[in-house]
Amino acid sequence: MKRTNGRSAGNLWWVPVLIMIFLPQQTRANIILPPANNATVQPGGPRPGVNGKQFFNIEGSGNGTFASFGVIDFQAHPMNAQVTSLMLVLTQANAAFTHNGGLIFFLSMDTATNIEPVTSPLIYSAGDIPTGLDTQLGPIFLLGTASFAQVSDGTGDVFSFSPSAAILSYLDGQIAAGGRIRLVIAPGDSMVAATYAGFSNVEFPGPELTLVTPAPEPGTLGAASLTLLAIAAGLVRTRRRQPSNSRA
């Protein structure tokens, strides 16, 4: 029986190391964030009491003292990711006053302003129709518009957005830092009363934000990795052709 001297295997230790270095980094899966907090901001400030957190309403100016825009906070955990788009899911939790109408979606870079009842400075501003935002929560950026259409309780409304490069860059930075992501949903007309479950609702799921990332390309090693594999295979064949200096 022949014994090898072990040098062939030992001298090729660098092959898997270099392959790992040059192997394209696989992209993470989509990032799904549950809500950390939400507020229904009315003319008197964020809706107080248990229902202020269990429910999340967006109502136009025609609803009087119940006119409101909504704020949702999502908390990211530090990681490197490249966001390409957003998907927000809101679950309908309807009431007698629920009414179809338009919605306007924003991303707010003001993540510091308090949204708690009593202590928050936020109000629905009747002077800024239809959103009620005025200059609050700026800088704020439009994500898109959509329509609320009442169906059965527990139905998830899915809203997808393809933000600008500047917003995507901001989101990448917030995720890397483990920061907060704040969305604002405002009424798009005077009569809408969109009624959704809030983050503490025990009957229906609260808001959910999905940060969509690029899909990986499975099975792709890359040119550099394939070249290294070919070199390694050639070296192994060369080693095998060399006469062994071991003794029987």
# chains A, B, ... in the order shown; residues from 1 in each chain; ligands from 1

$ select_by_dssp --residues "region 68-176 of chain A" --states "strand (DSSP E or B)" --output "PyMOL selection string"
chain A and resi 68-75+85-92+99+101-108+140-148+156-161

$ write_last_selection --atoms "N, CA and C atoms" --output "compact mmCIF listing (two decimals), in the first residue's frame"
# COMPACT_ATOMS: atom_id res chain seq x y z
N SER A 68 -58.49 62.54 10.76
CA SER A 68 -57.20 62.06 11.27
C SER A 68 -56.29 61.60 10.15
N PHE A 69 -55.00 61.69 10.44
CA PHE A 69 -53.98 60.97 9.67
C PHE A 69 -53.34 59.96 10.61
N GLY A 70 -52.69 58.95 10.03
CA GLY A 70 -52.10 57.90 10.85
C GLY A 70 -50.59 57.87 10.74
N VAL A 71 -49.93 57.50 11.83
CA VAL A 71 -48.47 57.37 11.88
C VAL A 71 -48.16 55.96 12.38
N ILE A 72 -47.26 55.26 11.66
CA ILE A 72 -46.83 53.93 12.09
C ILE A 72 -45.31 53.92 12.17
N ASP A 73 -44.79 53.41 13.29
CA ASP A 73 -43.35 53.25 13.47
C ASP A 73 -42.97 51.78 13.37
N PHE A 74 -41.91 51.51 12.61
CA PHE A 74 -41.34 50.17 12.51
C PHE A 74 -39.89 50.25 12.96
N GLN A 75 -39.44 49.28 13.74
CA GLN A 75 -38.08 49.29 14.26
C GLN A 75 -37.22 48.27 13.53
N SER A 85 -37.85 48.10 -2.91
CA SER A 85 -39.23 48.56 -2.87
C SER A 85 -39.83 48.25 -1.50
N LEU A 86 -41.04 48.74 -1.28
CA LEU A 86 -41.73 48.56 0.00
C LEU A 86 -43.09 47.91 -0.24
N MET A 87 -43.55 47.16 0.76
CA MET A 87 -44.90 46.61 0.73
C MET A 87 -45.49 46.73 2.13
N LEU A 88 -46.58 47.45 2.23
CA LEU A 88 -47.26 47.66 3.50
C LEU A 88 -48.58 46.90 3.50
N VAL A 89 -48.83 46.15 4.58
CA VAL A 89 -50.09 45.43 4.73
C VAL A 89 -50.84 46.02 5.93
N LEU A 90 -52.09 46.45 5.69
CA LEU A 90 -52.97 46.94 6.74
C LEU A 90 -54.21 46.06 6.76
N THR A 91 -54.64 45.65 7.95
CA THR A 91 -55.77 44.73 8.08
C THR A 91 -57.02 45.49 8.49
N GLN A 92 -58.08 45.32 7.71
CA GLN A 92 -59.32 46.04 7.96
C GLN A 92 -59.98 45.60 9.26
N HIS A 99 -65.87 54.27 5.68
CA HIS A 99 -66.32 54.81 4.39
C HIS A 99 -65.17 54.75 3.39
N GLY A 101 -62.71 55.62 0.24
CA GLY A 101 -62.11 56.88 -0.21
C GLY A 101 -60.63 56.75 -0.46
N GLY A 102 -59.98 57.88 -0.69
CA GLY A 102 -58.57 57.91 -1.07
C GLY A 102 -57.62 58.01 0.12
N LEU A 103 -56.43 57.45 -0.08
CA LEU A 103 -55.35 57.50 0.92
C LEU A 103 -54.08 58.00 0.25
N ILE A 104 -53.27 58.71 1.04
CA ILE A 104 -51.97 59.21 0.56
C ILE A 104 -50.90 58.71 1.53
N PHE A 105 -49.84 58.11 0.98
CA PHE A 105 -48.80 57.48 1.79
C PHE A 105 -47.50 58.28 1.71
N PHE A 106 -46.88 58.47 2.87
CA PHE A 106 -45.64 59.23 2.97
C PHE A 106 -44.61 58.45 3.80
N LEU A 107 -43.35 58.78 3.57
CA LEU A 107 -42.25 58.37 4.47
C LEU A 107 -41.77 59.63 5.17
N SER A 108 -41.72 59.58 6.49
CA SER A 108 -41.23 60.72 7.27
C SER A 108 -39.83 60.42 7.80
N ILE A 140 -40.70 65.08 4.77
CA ILE A 140 -41.63 64.00 4.48
C ILE A 140 -41.71 63.83 2.97
N PHE A 141 -41.80 62.59 2.52
CA PHE A 141 -41.72 62.29 1.09
C PHE A 141 -42.88 61.42 0.66
N LEU A 142 -43.46 61.77 -0.46
CA LEU A 142 -44.60 61.02 -1.00
C LEU A 142 -44.15 59.66 -1.50
N LEU A 143 -44.87 58.62 -1.05
CA LEU A 143 -44.64 57.27 -1.55
C LEU A 143 -45.63 56.91 -2.65
N GLY A 144 -46.88 57.34 -2.49
CA GLY A 144 -47.89 57.03 -3.50
C GLY A 144 -49.29 57.23 -2.95
N THR A 145 -50.28 56.95 -3.78
CA THR A 145 -51.68 57.07 -3.40
C THR A 145 -52.39 55.76 -3.67
N ALA A 146 -53.53 55.56 -3.01
CA ALA A 146 -54.32 54.35 -3.21
C ALA A 146 -55.74 54.63 -2.74
N SER A 147 -56.61 53.65 -2.93
CA SER A 147 -58.00 53.78 -2.51
C SER A 147 -58.31 52.74 -1.44
N PHE A 148 -59.07 53.17 -0.44
CA PHE A 148 -59.60 52.24 0.56
C PHE A 148 -60.99 51.80 0.13
N GLY A 156 -56.63 41.80 4.56
CA GLY A 156 -55.39 42.55 4.48
C GLY A 156 -55.31 43.34 3.18
N ASP A 157 -55.18 44.65 3.30
CA ASP A 157 -54.97 45.52 2.13
C ASP A 157 -53.47 45.65 1.90
N VAL A 158 -53.03 45.34 0.70
CA VAL A 158 -51.60 45.37 0.39
C VAL A 158 -51.30 46.59 -0.48
N PHE A 159 -50.35 47.40 -0.05
CA PHE A 159 -49.94 48.60 -0.78
C PHE A 159 -48.46 48.49 -1.10
N SER A 160 -48.12 48.57 -2.37
CA SER A 160 -46.72 48.43 -2.81
C SER A 160 -46.22 49.76 -3.36
N PHE A 161 -44.95 50.06 -3.07
CA PHE A 161 -44.36 51.32 -3.49
C PHE A 161 -42.95 51.10 -4.02

$ select_by_dssp --residues "region 23-203 of chain A" --states "helix (DSSP H, G or I)" --output "mmCIF file with C-alpha atoms, in the first residue's frame"
data_model
loop_
_atom_site.group_PDB
_atom_site.id
_atom_site.type_symbol
_atom_site.label_atom_id
_atom_site.label_comp_id
_atom_site.auth_asym_id
_atom_site.auth_seq_id
_atom_site.Cartn_x
_atom_site.Cartn_y
_atom_site.Cartn_z
ATOM 1 C CA ASN A 51 -58.519 52.176 21.120
ATOM 2 C CA GLY A 52 -55.850 54.662 20.100
ATOM 3 C CA LYS A 53 -53.406 51.774 19.785
ATOM 4 C CA GLN A 54 -55.742 48.879 19.005
ATOM 5 C CA SER A 61 -62.038 66.481 7.128
ATOM 6 C CA GLY A 62 -65.750 65.698 6.663
ATOM 7 C CA ASN A 63 -65.555 63.559 9.808
ATOM 8 C CA GLY A 64 -65.172 66.654 12.006
ATOM 9 C CA THR A 65 -63.382 66.052 15.295
ATOM 10 C CA PHE A 66 -62.574 62.504 14.144
ATOM 11 C CA ALA A 165 -33.243 56.442 -5.118
ATOM 12 C CA ALA A 166 -32.921 59.027 -2.340
ATOM 13 C CA ILE A 167 -35.569 57.322 -0.200
ATOM 14 C CA LEU A 168 -34.059 53.886 -0.831
ATOM 15 C CA SER A 169 -30.655 55.191 0.247
ATOM 16 C CA TYR A 170 -32.219 56.587 3.418
ATOM 17 C CA LEU A 171 -33.868 53.235 4.162
ATOM 18 C CA ASP A 172 -30.581 51.380 3.646
ATOM 19 C CA GLY A 173 -28.976 53.715 6.175
ATOM 20 C CA GLN A 174 -31.766 53.285 8.723
ATOM 21 C CA ILE A 175 -31.519 49.507 8.471
ATOM 22 C CA ALA A 176 -27.740 49.545 8.828
ATOM 23 C CA ALA A 177 -28.030 51.696 11.946
#

$ residues_around --residues "region 199-202 of chain A" --least-positions-apart "6" --cutoff "8 Å" --atoms "only C-alpha atoms" --output "JSON, numbers by chain"
{"A": [35, 36, 37, 38, 53, 54, 55]}

$ residues_around --residues "Gly60 (chain A)" --least-positions-apart "2" --cutoff "7 Å" --atoms "only C-alpha atoms" --output "mmCIF file with N, CA and C atoms, in the first residue's frame"
data_model
loop_
_atom_site.group_PDB
_atom_site.id
_atom_site.type_symbol
_atom_site.label_atom_id
_atom_site.label_comp_id
_atom_site.auth_asym_id
_atom_site.auth_seq_id
_atom_site.Cartn_x
_atom_site.Cartn_y
_atom_site.Cartn_z
ATOM 1 N N ILE A 58 -57.746 56.457 9.385
ATOM 2 C CA ILE A 58 -57.424 57.608 8.541
ATOM 3 C C ILE A 58 -58.746 58.166 8.045
ATOM 4 N N GLY A 62 -64.299 65.770 6.499
ATOM 5 C CA GLY A 62 -65.750 65.698 6.663
ATOM 6 C C GLY A 62 -66.177 64.958 7.907
ATOM 7 N N ASN A 63 -65.243 64.300 8.584
ATOM 8 C CA ASN A 63 -65.555 63.559 9.808
ATOM 9 C C ASN A 63 -65.395 64.409 11.066
ATOM 10 N N ALA A 67 -61.574 63.590 12.203
ATOM 11 C CA ALA A 67 -60.644 63.655 11.074
ATOM 12 C C ALA A 67 -59.244 63.284 11.565
ATOM 13 N N SER A 68 -58.494 62.542 10.763
ATOM 14 C CA SER A 68 -57.205 62.060 11.271
ATOM 15 C C SER A 68 -56.287 61.595 10.153
ATOM 16 N N PRO A 130 -56.312 67.897 1.866
ATOM 17 C CA PRO A 130 -57.050 66.917 2.672
ATOM 18 C C PRO A 130 -56.218 66.215 3.737
ATOM 19 N N PRO A 187 -55.559 61.109 4.776
ATOM 20 C CA PRO A 187 -56.741 61.019 3.924
ATOM 21 C C PRO A 187 -56.515 61.723 2.587
ATOM 22 N N ASP A 189 -59.271 62.402 0.583
ATOM 23 C CA ASP A 189 -60.491 63.173 0.318
ATOM 24 C C ASP A 189 -61.212 63.423 1.631
ATOM 25 N N SER A 190 -62.288 64.202 1.582
ATOM 26 C CA SER A 190 -62.935 64.655 2.815
ATOM 27 C C SER A 190 -63.786 63.596 3.500
ATOM 28 N N MET A 191 -64.220 62.565 2.781
ATOM 29 C CA MET A 191 -65.171 61.621 3.353
ATOM 30 C C MET A 191 -64.590 60.260 3.710
ATOM 31 N N VAL A 192 -63.377 59.975 3.315
ATOM 32 C CA VAL A 192 -62.811 58.662 3.603
ATOM 33 C C VAL A 192 -62.753 58.413 5.105
ATOM 34 N N ALA A 193 -63.032 57.170 5.495
ATOM 35 C CA ALA A 193 -62.837 56.727 6.876
ATOM 36 C C ALA A 193 -62.310 55.300 6.796
#

$ atom_distance --atom1 "CA of Pro117 (chain A)" --atom2 "CA of Pro46 (chain A)"
4.8 Å

$ closest_residue --among "A:Pro43, A:Pro139, A:Gly178, A:Gly49" --to "Leu122 (chain A)" --atoms "only C-alpha atoms"
A:Pro43
